[in-house]
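data_9.cif (mmCIF, C-alpha atoms)
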data_model
#
loop_
_atom_site.label_atom_id
_atom_site.label_comp_id
_atom_site.auth_asym_id
_atom_site.auth_seq_id
_atom_site.Cartn_x
_atom_site.Cartn_y
_atom_site.Cartn_z
CA MET A 270 16.43 59.76 -68.32
CA ASN A 271 19.83 61.57 -68.73
CA TRP A 272 20.12 65.30 -68.72
CA ASP A 273 21.46 67.07 -71.96
CA TRP A 274 23.45 69.73 -70.15
CA ASP A 275 24.52 71.64 -73.30
CA LYS A 276 21.01 72.16 -74.52
CA LEU A 277 19.93 73.19 -71.10
CA ARG A 278 22.66 75.80 -70.92
CA ASP A 279 21.69 77.23 -74.26
CA LYS A 280 18.09 77.47 -73.25
CA GLN A 281 19.13 79.09 -69.96
CA ASP A 282 21.12 81.77 -71.80
CA GLN A 283 18.23 82.49 -74.10
CA TYR A 284 15.91 82.78 -71.15
CA GLU A 285 18.16 85.26 -69.40
CA LYS A 286 18.46 87.38 -72.56
CA ARG A 287 14.73 87.50 -72.97
CA ARG A 288 14.28 88.56 -69.39
CA GLY A 289 16.82 91.32 -69.90
CA ASP A 290 15.09 92.51 -73.04
CA GLY A 291 11.69 92.44 -71.40
CA GLY A 292 10.49 89.66 -73.69
CA GLY A 293 8.08 86.79 -72.95
CA MET A 294 8.55 84.06 -70.36
CA GLY A 295 11.41 81.63 -70.96
CA MET A 296 12.06 78.07 -69.72
CA PRO A 297 13.00 77.83 -65.98
CA THR A 298 16.37 76.48 -64.91
CA PRO A 299 16.21 72.89 -63.48
CA PRO A 300 17.45 72.46 -59.88
CA GLN A 301 21.00 71.31 -59.47
CA ILE A 302 21.88 68.13 -57.56
CA ASP A 303 24.27 69.95 -55.29
CA GLU A 304 21.62 72.46 -54.38
CA ILE A 305 19.12 69.71 -53.53
CA VAL A 306 21.62 67.84 -51.34
CA SER A 307 22.64 71.00 -49.55
CA LYS A 308 19.00 71.86 -48.85
CA PHE A 309 18.41 68.44 -47.26
CA ARG A 310 21.54 68.80 -45.17
CA ASN A 311 20.49 72.15 -43.90
CA PHE A 312 16.91 71.01 -43.10
CA LYS A 313 16.31 70.45 -39.29
CA LEU A 314 13.21 69.56 -37.33
CA PRO A 315 12.42 71.37 -34.12
CA GLY A 316 13.72 69.50 -31.00
CA GLY A 317 10.28 68.95 -29.39
CA LEU A 318 8.74 67.55 -32.57
CA LEU A 319 11.66 65.15 -33.03
CA MET A 320 11.33 63.89 -29.46
CA ILE A 321 7.58 63.31 -29.91
CA LEU A 322 8.16 61.33 -33.09
CA ILE A 323 10.78 59.16 -31.36
CA LEU A 324 8.49 58.48 -28.36
CA LEU A 325 5.58 57.59 -30.62
CA PHE A 326 7.76 55.19 -32.56
CA LEU A 327 9.04 53.52 -29.40
CA PHE A 328 5.55 53.32 -27.88
CA PHE A 329 3.84 51.77 -30.87
CA GLY A 330 6.83 49.57 -31.68
CA SER A 331 7.13 48.13 -28.15
CA SER A 332 3.38 47.54 -27.83
CA MET A 333 3.30 45.46 -30.99
CA PHE A 334 5.67 42.75 -29.71
CA PHE A 335 5.31 40.85 -26.45
CA THR A 336 6.55 37.63 -24.84
CA VAL A 337 4.36 34.93 -23.29
CA GLU A 338 5.99 32.78 -20.59
CA ILE A 339 5.97 28.99 -20.74
CA ASP A 340 3.39 28.60 -17.96
CA GLU A 341 0.87 31.07 -19.39
CA VAL A 342 -1.05 32.11 -22.49
CA GLY A 343 -1.92 35.53 -23.89
CA VAL A 344 -5.54 36.47 -24.55
CA ILE A 345 -5.85 39.14 -27.30
CA GLN A 346 -8.74 41.60 -27.34
CA ARG A 347 -9.35 43.88 -30.35
CA PHE A 348 -11.25 47.00 -29.36
CA GLY A 349 -12.33 45.13 -26.20
CA LYS A 350 -13.67 42.05 -28.02
CA TYR A 351 -12.06 38.65 -27.75
CA SER A 352 -9.86 37.91 -30.78
CA ARG A 353 -7.48 34.99 -30.20
CA ILE A 354 -5.14 33.20 -27.78
CA CYS A 355 -1.35 33.41 -28.11
CA GLN A 356 0.86 30.52 -27.11
CA PRO A 357 4.17 30.82 -25.18
CA GLY A 358 6.98 32.59 -27.00
CA LEU A 359 7.44 35.88 -28.90
CA ASN A 360 4.15 37.16 -30.37
CA PHE A 361 2.90 40.12 -32.44
CA LYS A 362 -0.23 42.24 -32.11
CA LEU A 363 -1.54 45.56 -33.29
CA PRO A 364 -0.51 48.65 -31.35
CA SER A 365 -2.07 49.58 -28.03
CA GLY A 366 -5.47 51.10 -28.36
CA ILE A 367 -6.35 48.60 -31.06
CA GLU A 368 -5.40 45.27 -29.47
CA LYS A 369 -4.81 44.45 -25.82
CA VAL A 370 -3.13 41.34 -24.36
CA THR A 371 -4.00 39.74 -21.00
CA LYS A 372 -1.63 37.04 -19.74
CA VAL A 373 -3.21 34.12 -17.85
CA LYS A 374 -1.15 31.50 -16.00
CA ILE A 375 -2.75 28.19 -16.91
CA LYS A 376 -0.18 25.86 -15.31
CA ARG A 377 0.04 27.51 -11.93
CA VAL A 378 -1.90 25.97 -9.03
CA TYR A 379 -3.77 28.56 -6.97
CA LYS A 380 -5.47 28.05 -3.65
CA GLU A 381 -8.28 29.52 -1.61
CA GLU A 382 -8.48 29.09 2.16
CA PHE A 383 -11.73 28.69 4.07
CA GLY A 384 -12.07 28.99 7.82
CA PHE A 385 -8.52 30.28 8.39
CA THR A 386 -5.93 32.60 6.82
CA THR A 387 -2.19 32.21 6.23
CA GLY A 388 -1.39 35.27 4.08
CA GLN A 389 -2.29 33.39 0.89
CA GLU A 390 0.29 34.68 -1.59
CA ASP A 391 -0.71 32.23 -4.31
CA SER A 392 -4.33 33.25 -4.79
CA ALA A 393 -5.55 34.54 -8.14
CA PHE A 394 -8.05 36.83 -6.42
CA SER A 395 -7.98 39.54 -3.82
CA ARG A 396 -8.69 38.44 -0.27
CA LEU A 397 -12.25 38.97 0.92
CA ASN A 398 -13.10 40.41 4.30
CA GLU A 399 -15.00 37.64 6.00
CA ASN A 400 -15.60 36.05 9.36
CA THR A 401 -13.57 32.84 9.18
CA ASP A 402 -15.35 31.36 12.21
CA MET A 403 -18.72 31.64 10.47
CA VAL A 404 -17.37 30.02 7.31
CA ALA A 405 -15.88 27.06 9.18
CA SER A 406 -18.91 26.45 11.44
CA MET A 407 -21.19 23.83 9.89
CA LEU A 408 -24.17 21.75 10.98
CA THR A 409 -23.65 17.99 10.70
CA GLY A 410 -26.20 15.33 9.92
CA ASP A 411 -26.75 14.47 13.60
CA LEU A 412 -27.46 18.15 14.45
CA ASN A 413 -24.03 18.91 15.92
CA VAL A 414 -21.87 21.92 15.07
CA ALA A 415 -18.41 21.24 13.64
CA VAL A 416 -15.53 23.59 12.81
CA VAL A 417 -14.36 22.54 9.33
CA PRO A 418 -11.45 24.51 7.78
CA TRP A 419 -10.29 23.51 4.30
CA ILE A 420 -8.25 24.58 1.27
CA VAL A 421 -9.32 24.52 -2.39
CA GLN A 422 -6.49 24.15 -4.91
CA TYR A 423 -7.39 24.92 -8.51
CA ARG A 424 -5.95 25.66 -11.96
CA ILE A 425 -7.25 27.88 -14.80
CA SER A 426 -8.19 25.44 -17.56
CA ASP A 427 -10.11 27.74 -19.96
CA PRO A 428 -8.77 31.33 -20.19
CA TYR A 429 -11.72 32.52 -22.30
CA ASN A 430 -14.36 31.38 -19.80
CA TYR A 431 -12.19 32.55 -16.92
CA LEU A 432 -11.96 36.11 -18.28
CA PHE A 433 -15.23 36.68 -20.11
CA ARG A 434 -17.99 34.24 -19.07
CA VAL A 435 -18.29 35.14 -15.37
CA ARG A 436 -18.20 38.63 -13.93
CA ASP A 437 -16.68 37.68 -10.53
CA VAL A 438 -15.00 34.27 -10.55
CA ASN A 439 -13.73 34.84 -7.01
CA ALA A 440 -17.22 35.16 -5.57
CA ILE A 441 -18.52 32.17 -7.54
CA LEU A 442 -15.65 29.94 -6.41
CA ARG A 443 -15.89 30.86 -2.73
CA ASP A 444 -19.69 30.68 -2.58
CA MET A 445 -19.88 27.35 -4.40
CA ALA A 446 -17.02 25.86 -2.36
CA GLU A 447 -18.74 26.80 0.89
CA ALA A 448 -22.13 25.51 -0.32
CA THR A 449 -20.57 22.26 -1.51
CA MET A 450 -18.73 21.64 1.75
CA ARG A 451 -21.86 22.34 3.80
CA THR A 452 -23.80 19.88 1.64
CA VAL A 453 -21.22 17.11 2.12
CA VAL A 454 -20.80 17.73 5.86
CA GLY A 455 -24.57 17.92 6.36
CA ASP A 456 -24.92 14.30 5.21
CA ARG A 457 -22.53 12.92 7.86
CA SER A 458 -22.37 12.63 11.62
CA ILE A 459 -19.94 14.59 13.77
CA ASN A 460 -17.76 11.52 14.29
CA GLU A 461 -17.55 10.91 10.53
CA VAL A 462 -16.68 14.56 9.92
CA ILE A 463 -13.80 14.29 12.40
CA SER A 464 -12.50 10.84 11.42
CA LYS A 465 -13.23 10.63 7.66
CA ARG A 466 -11.72 13.84 6.32
CA GLU A 467 -10.22 12.27 3.19
CA GLU A 468 -13.58 10.82 2.16
CA ILE A 469 -15.25 14.21 2.67
CA ALA A 470 -12.53 15.98 0.66
CA VAL A 471 -12.94 13.64 -2.32
CA ALA A 472 -16.74 13.98 -2.33
CA ALA A 473 -16.53 17.79 -2.04
CA ARG A 474 -13.99 18.06 -4.90
CA GLU A 475 -16.16 16.03 -7.29
CA LEU A 476 -19.28 18.04 -6.45
CA LEU A 477 -17.48 21.40 -6.66
CA GLN A 478 -15.98 20.52 -10.05
CA ILE A 479 -19.46 19.81 -11.42
CA GLU A 480 -20.65 23.21 -10.19
CA MET A 481 -17.65 25.01 -11.73
CA ILE A 482 -18.30 23.36 -15.11
CA GLN A 483 -21.97 24.31 -15.05
CA ALA A 484 -21.09 27.92 -14.15
CA GLU A 485 -18.52 28.09 -17.04
CA THR A 486 -15.83 29.56 -14.81
CA GLY A 487 -12.93 27.96 -16.68
CA ILE A 488 -11.54 26.57 -13.40
CA GLN A 489 -10.35 23.01 -12.78
CA ILE A 490 -10.40 21.87 -9.14
CA VAL A 491 -7.11 20.08 -8.45
CA THR A 492 -7.77 18.97 -4.89
CA ILE A 493 -9.46 19.88 -1.62
CA GLU A 494 -7.39 19.56 1.53
CA MET A 495 -9.18 19.19 4.86
CA LYS A 496 -7.52 20.74 7.88
CA LYS A 497 -8.02 19.58 11.48
CA THR A 498 -11.73 19.26 12.15
CA ASN A 499 -13.13 19.77 15.64
CA VAL A 500 -16.14 21.04 17.55
CA PRO A 501 -16.47 24.68 18.69
CA GLU A 502 -14.13 25.59 21.52
CA PRO A 503 -16.85 26.25 24.18
CA VAL A 504 -18.13 22.68 23.90
CA GLN A 505 -14.85 20.85 23.35
CA ALA A 506 -14.57 19.74 27.01
CA SER A 507 -18.09 18.28 27.02
CA PHE A 508 -17.57 16.70 23.64
CA ASN A 509 -14.35 15.04 24.86
CA GLU A 510 -16.19 13.66 27.89
CA VAL A 511 -18.90 12.24 25.65
CA ASN A 512 -16.29 10.66 23.42
CA GLU A 513 -14.53 9.13 26.42
CA ALA A 514 -17.84 7.70 27.67
CA VAL A 515 -18.61 6.30 24.23
CA GLN A 516 -15.16 4.78 23.99
CA GLU A 517 -15.50 3.25 27.45
CA LYS A 518 -18.90 1.83 26.49
CA GLU A 519 -17.48 0.35 23.30
CA GLN A 520 -14.56 -1.09 25.26
CA LEU A 521 -16.92 -2.82 27.71
CA ILE A 522 -18.98 -4.14 24.83
CA TYR A 523 -15.87 -5.51 23.17
CA LYS A 524 -14.78 -7.19 26.40
CA ALA A 525 -18.23 -8.72 26.86
CA LYS A 526 -18.18 -9.98 23.29
CA GLU A 527 -14.72 -11.38 23.89
CA GLU A 528 -15.88 -13.30 26.97
CA TYR A 529 -18.96 -14.43 25.09
CA ASN A 530 -16.85 -15.66 22.20
CA LYS A 531 -14.68 -17.57 24.64
CA ALA A 532 -17.45 -19.14 26.80
CA ILE A 533 -20.10 -19.98 24.22
CA PRO A 534 -17.85 -21.91 21.80
CA ALA A 535 -16.26 -23.73 24.74
CA ALA A 536 -19.69 -24.72 26.09
CA LYS A 537 -20.85 -25.80 22.66
CA GLY A 538 -17.71 -27.85 22.21
CA GLU A 539 -18.12 -29.48 25.61
CA ALA A 540 -21.78 -30.27 24.86
CA GLN A 541 -20.82 -31.82 21.54
CA ARG A 542 -18.11 -33.87 23.27
CA ILE A 543 -20.56 -35.18 25.88
CA VAL A 544 -23.07 -36.05 23.17
CA LYS A 545 -20.40 -37.87 21.19
CA ASP A 546 -19.22 -39.72 24.32
CA ALA A 547 -22.78 -40.75 25.09
CA GLU A 548 -23.30 -41.91 21.54
CA GLY A 549 -20.04 -43.84 21.67
CA TYR A 550 -20.97 -45.40 25.04
CA ALA A 551 -24.38 -46.41 23.69
CA ILE A 552 -22.81 -47.99 20.64
CA ASP A 553 -20.26 -49.79 22.85
CA ARG A 554 -22.96 -51.16 25.17
CA VAL A 555 -25.07 -52.31 22.27
CA ASN A 556 -22.10 -53.96 20.59
CA ARG A 557 -21.07 -55.62 23.86
CA ALA A 558 -24.59 -56.85 24.49
CA MET A 559 -24.83 -58.19 20.98
CA GLY A 560 -21.44 -59.86 21.35
CA ASP A 561 -22.40 -61.40 24.72
CA ALA A 562 -25.67 -62.63 23.25
CA ALA A 563 -23.86 -64.15 20.27
CA ARG A 564 -21.31 -65.77 22.60
CA PHE A 565 -24.02 -67.15 24.84
CA THR A 566 -25.85 -68.52 21.83
CA SER A 567 -22.75 -70.24 20.51
CA LEU A 568 -22.00 -71.70 23.97
CA TYR A 569 -25.51 -72.98 24.27
CA GLN A 570 -25.27 -74.64 20.88
CA GLU A 571 -22.05 -76.39 21.93
CA TYR A 572 -23.51 -77.26 25.31
CA SER A 573 -26.53 -78.87 23.70
CA LYS A 574 -24.23 -81.06 21.63
CA ALA A 575 -22.06 -82.31 24.56
CA LYS A 576 -23.39 -81.22 27.91
CA ASP A 577 -20.83 -82.96 30.20
CA VAL A 578 -17.75 -81.89 28.29
CA THR A 579 -18.95 -78.35 27.81
CA GLU A 580 -19.96 -77.99 31.45
CA LYS A 581 -16.58 -79.22 32.68
CA ARG A 582 -14.70 -76.97 30.22
CA LEU A 583 -16.64 -73.91 31.31
CA TYR A 584 -16.01 -74.73 34.92
CA LEU A 585 -12.27 -75.14 34.39
CA GLU A 586 -12.01 -71.89 32.42
CA ALA A 587 -13.87 -70.06 35.14
CA MET A 588 -11.68 -71.47 37.89
CA SER A 589 -8.51 -70.69 35.93
CA GLU A 590 -9.51 -67.07 35.90
CA ILE A 591 -10.71 -66.93 39.53
CA LEU A 592 -8.03 -68.88 41.44
CA PRO A 593 -5.01 -66.72 40.46
CA LYS A 594 -6.80 -63.75 41.99
CA LEU A 595 -7.45 -65.40 45.40
CA GLY A 596 -3.90 -65.32 46.78
CA LYS A 597 -2.67 -68.36 48.81
CA LYS A 598 -4.75 -71.50 48.52
CA TYR A 599 -4.47 -74.88 50.24
CA VAL A 600 -5.81 -78.03 48.70
CA ILE A 601 -6.11 -80.89 51.25
CA ASP A 602 -7.73 -84.22 51.56
CA SER A 603 -11.13 -84.40 53.03
CA GLY A 604 -9.87 -86.74 55.72
CA GLN A 605 -7.06 -84.42 56.87
CA THR A 606 -7.53 -83.39 60.53
CA ASN A 607 -4.37 -81.48 61.39
CA LEU A 608 -3.83 -78.38 59.23
CA LEU A 609 -1.04 -76.63 61.16
CA PRO A 610 1.92 -78.55 59.67
CA LEU A 611 0.68 -77.73 56.24
CA LEU A 612 0.58 -73.93 56.67
CA ASN A 613 4.31 -73.49 56.10
CA MET A 614 4.73 -75.92 53.27
CA GLY A 615 4.67 -73.38 50.55
CA GLU A 616 7.07 -70.99 52.28
CA ALA A 617 9.53 -73.75 53.04
CA ALA A 618 9.59 -75.03 49.55
CA GLY A 619 9.61 -71.53 48.02
CA GLN A 620 6.76 -72.43 45.71
CA SER A 621 3.13 -71.63 45.49
CA PRO A 622 1.13 -74.30 47.34
CA THR A 623 -1.39 -74.49 44.55
CA THR A 624 -1.08 -74.80 40.79
CA VAL A 625 -3.59 -75.06 38.03
CA SER A 626 -2.39 -78.58 37.15
CA ALA A 627 -2.92 -79.77 40.71
CA VAL A 628 -6.38 -78.34 40.65
CA LYS A 629 -7.12 -80.17 37.41
CA ASP A 630 -5.83 -83.43 38.86
CA LEU A 631 -7.96 -83.07 41.94
CA LEU A 632 -10.94 -82.17 39.85
CA LYS A 633 -10.61 -85.45 38.07
CA GLY A 634 -11.08 -87.21 41.39
CA ASP A 635 -13.93 -84.84 42.35
CA GLU A 636 -12.12 -83.86 45.63
CA VAL A 637 -11.69 -80.08 45.80
CA LEU A 638 -11.70 -78.16 49.12
CA LYS A 639 -11.19 -74.49 49.80
#
Please re-express this file's structure in structure tokens.
Amino acid sequence: MNWDWDKLRDKQDQYEKRRGDGGGMGMPTPPQIDEIVSKFRNFKLPGGLLMILILLFLFFGSSMFFTVEIDEVGVIQRFGKYSRICQPGLNFKLPSGIEKVTKVKIKRVYKEEFGFTTGQEDSAFSRLNENTDMVASMLTGDLNVAVVPWIVQYRISDPYNYLFRVRDVNAILRDMAEATMRTVVGDRSINEVISKREEIAVAARELLQIEMIQAETGIQIVTIEMKKTNVPEPVQASFNEVNEAVQEKEQLIYKAKEEYNKAIPAAKGEAQRIVKDAEGYAIDRVNRAMGDAARFTSLYQEYSKAKDVTEKRLYLEAMSEILPKLGKKYVIDSGQTNLLPLLNMGEAAGQSPTTVSAVKDLLKGDEVLK
């Protein structure tokens, strides 16, 4: 709406005249723009009040925006009650006093040490005052005492359970880790505890993860690392002597088994060879006897057909086999009285004094002398 400045001036003059005459109340003069602007220019707040307003603005403004890193999430609480979870990046919340943010690193791997200490800079909890020797000392299944140090590596998998479901996650983790390790070690002998550390670590991790899930701690067990396991220091010398004796015993047993494995198979093989030789000899004798019997039978059949011819043939065959094996032989007439001139006949002639043909010829005349 535009101002009608002429009418306003007339009304202002009439108002002033009435005031001068002592008349009734007139219409007030509207404020001028210049006067309003000058009043705002001349208005100043006190220094302390201005500073307080600036600080309040900065405080509430900065508490409403926050940044969540890539390896963490932000848990928002409104008046102390859980509200929501903020993902990595720039996020907004209500001012402090209304909403509160707690940042939880969900991708970082933390660790807890048991039975020894190394400073432990990557633990999510404060270090407890404890006797490390008592934690590492455990009773094995064969009633021996073993010193078992180990490390539990874990990650926060559920920020809500981690912050709100358990009052003291540190105490739960350490107590359950110790109880789990004692359970696993208590089922094994001292030698298994010393030599099978990887197997023990796997079994303890699986059992501890089940306990953490049941307790709703929001913790995921990444791995359990077993350090060097040994017996208590006062009994280490005796334990080493026992181990040496056991190793020596096992070595002797292995040597005896080696000798046994060498001697017994060799004896069994020799026995089998002798049995096979005997069986082969028996078969050979039987076959020979059967062959001789068959030969004799066939000869007898031929002999029964022609006795004279068969008898002479058998005699000649026998003599042909016997005479070559007798060395020098002299065949003389039955009427010969002087033998000395005949002794060198074969040497002088360079020939054997007897031949098979000569024997056959003499046999025809039935005059054979030896």
Pairwise distance for atom CA of Val500 of chain A and atom CA of Gln520 of chain A, rounded to one decimal in Å: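 Straight-line distance from atom CA of Val500 of chain A to atom CA of Gln520 of chain A works out to 23.5 Å.
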Spell out the residues picked by the PyMOL selection byres ((chain A and resi 431) around 6) here, as an mmCIF file with C-alpha atoms, keeping the file's coordinate frame.
data_model
loop_
_atom_site.group_PDB
_atom_site.id
_atom_site.type_symbol
_atom_site.label_atom_id
_atom_site.label_comp_id
_atom_site.auth_asym_id
_atom_site.auth_seq_id
_atom_site.Cartn_x
_atom_site.Cartn_y
_atom_site.Cartn_z
ATOM 1 C CA PRO A 428 -8.770 31.330 -20.190
ATOM 2 C CA TYR A 429 -11.720 32.520 -22.300
ATOM 3 C CA ASN A 430 -14.360 31.380 -19.800
ATOM 4 C CA LEU A 432 -11.960 36.110 -18.280
ATOM 5 C CA THR A 486 -15.830 29.560 -14.810
ATOM 6 C CA GLY A 487 -12.930 27.960 -16.680
#
Selected residue, from A:Glu480, A:Glu580, A:Glu467, A:Glu368, that lies nearest to Thr449 of chain A when counting only C-alpha atoms: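 Checking each of A:Glu480, A:Glu580, A:Glu467, A:Glu368 against Thr449 of chain A, counting only C-alpha atoms, the winner is A:Glu480.
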Surrounding residues of Ile463 of chain A excluding itself and chain neighbours under 6 positions, 12 Å, only C-alpha atoms, as an NGL selection string: :A and (409 or 413-418 or 454 or 457 or 469-470 or 495-500 or 512)
Result set, the PyMOL selection byres ((chain A and resi 350) around 12) on current file, as a list of chain:residue names: A:Val344, A:Ile345, A:Gln346, A:Arg347, A:Phe348, A:Gly349, A:Tyr351, A:Ser352, A:Arg353, A:Ile367, A:Glu368, A:Lys369, A:Val370, A:Tyr429, A:Leu432, A:Phe433
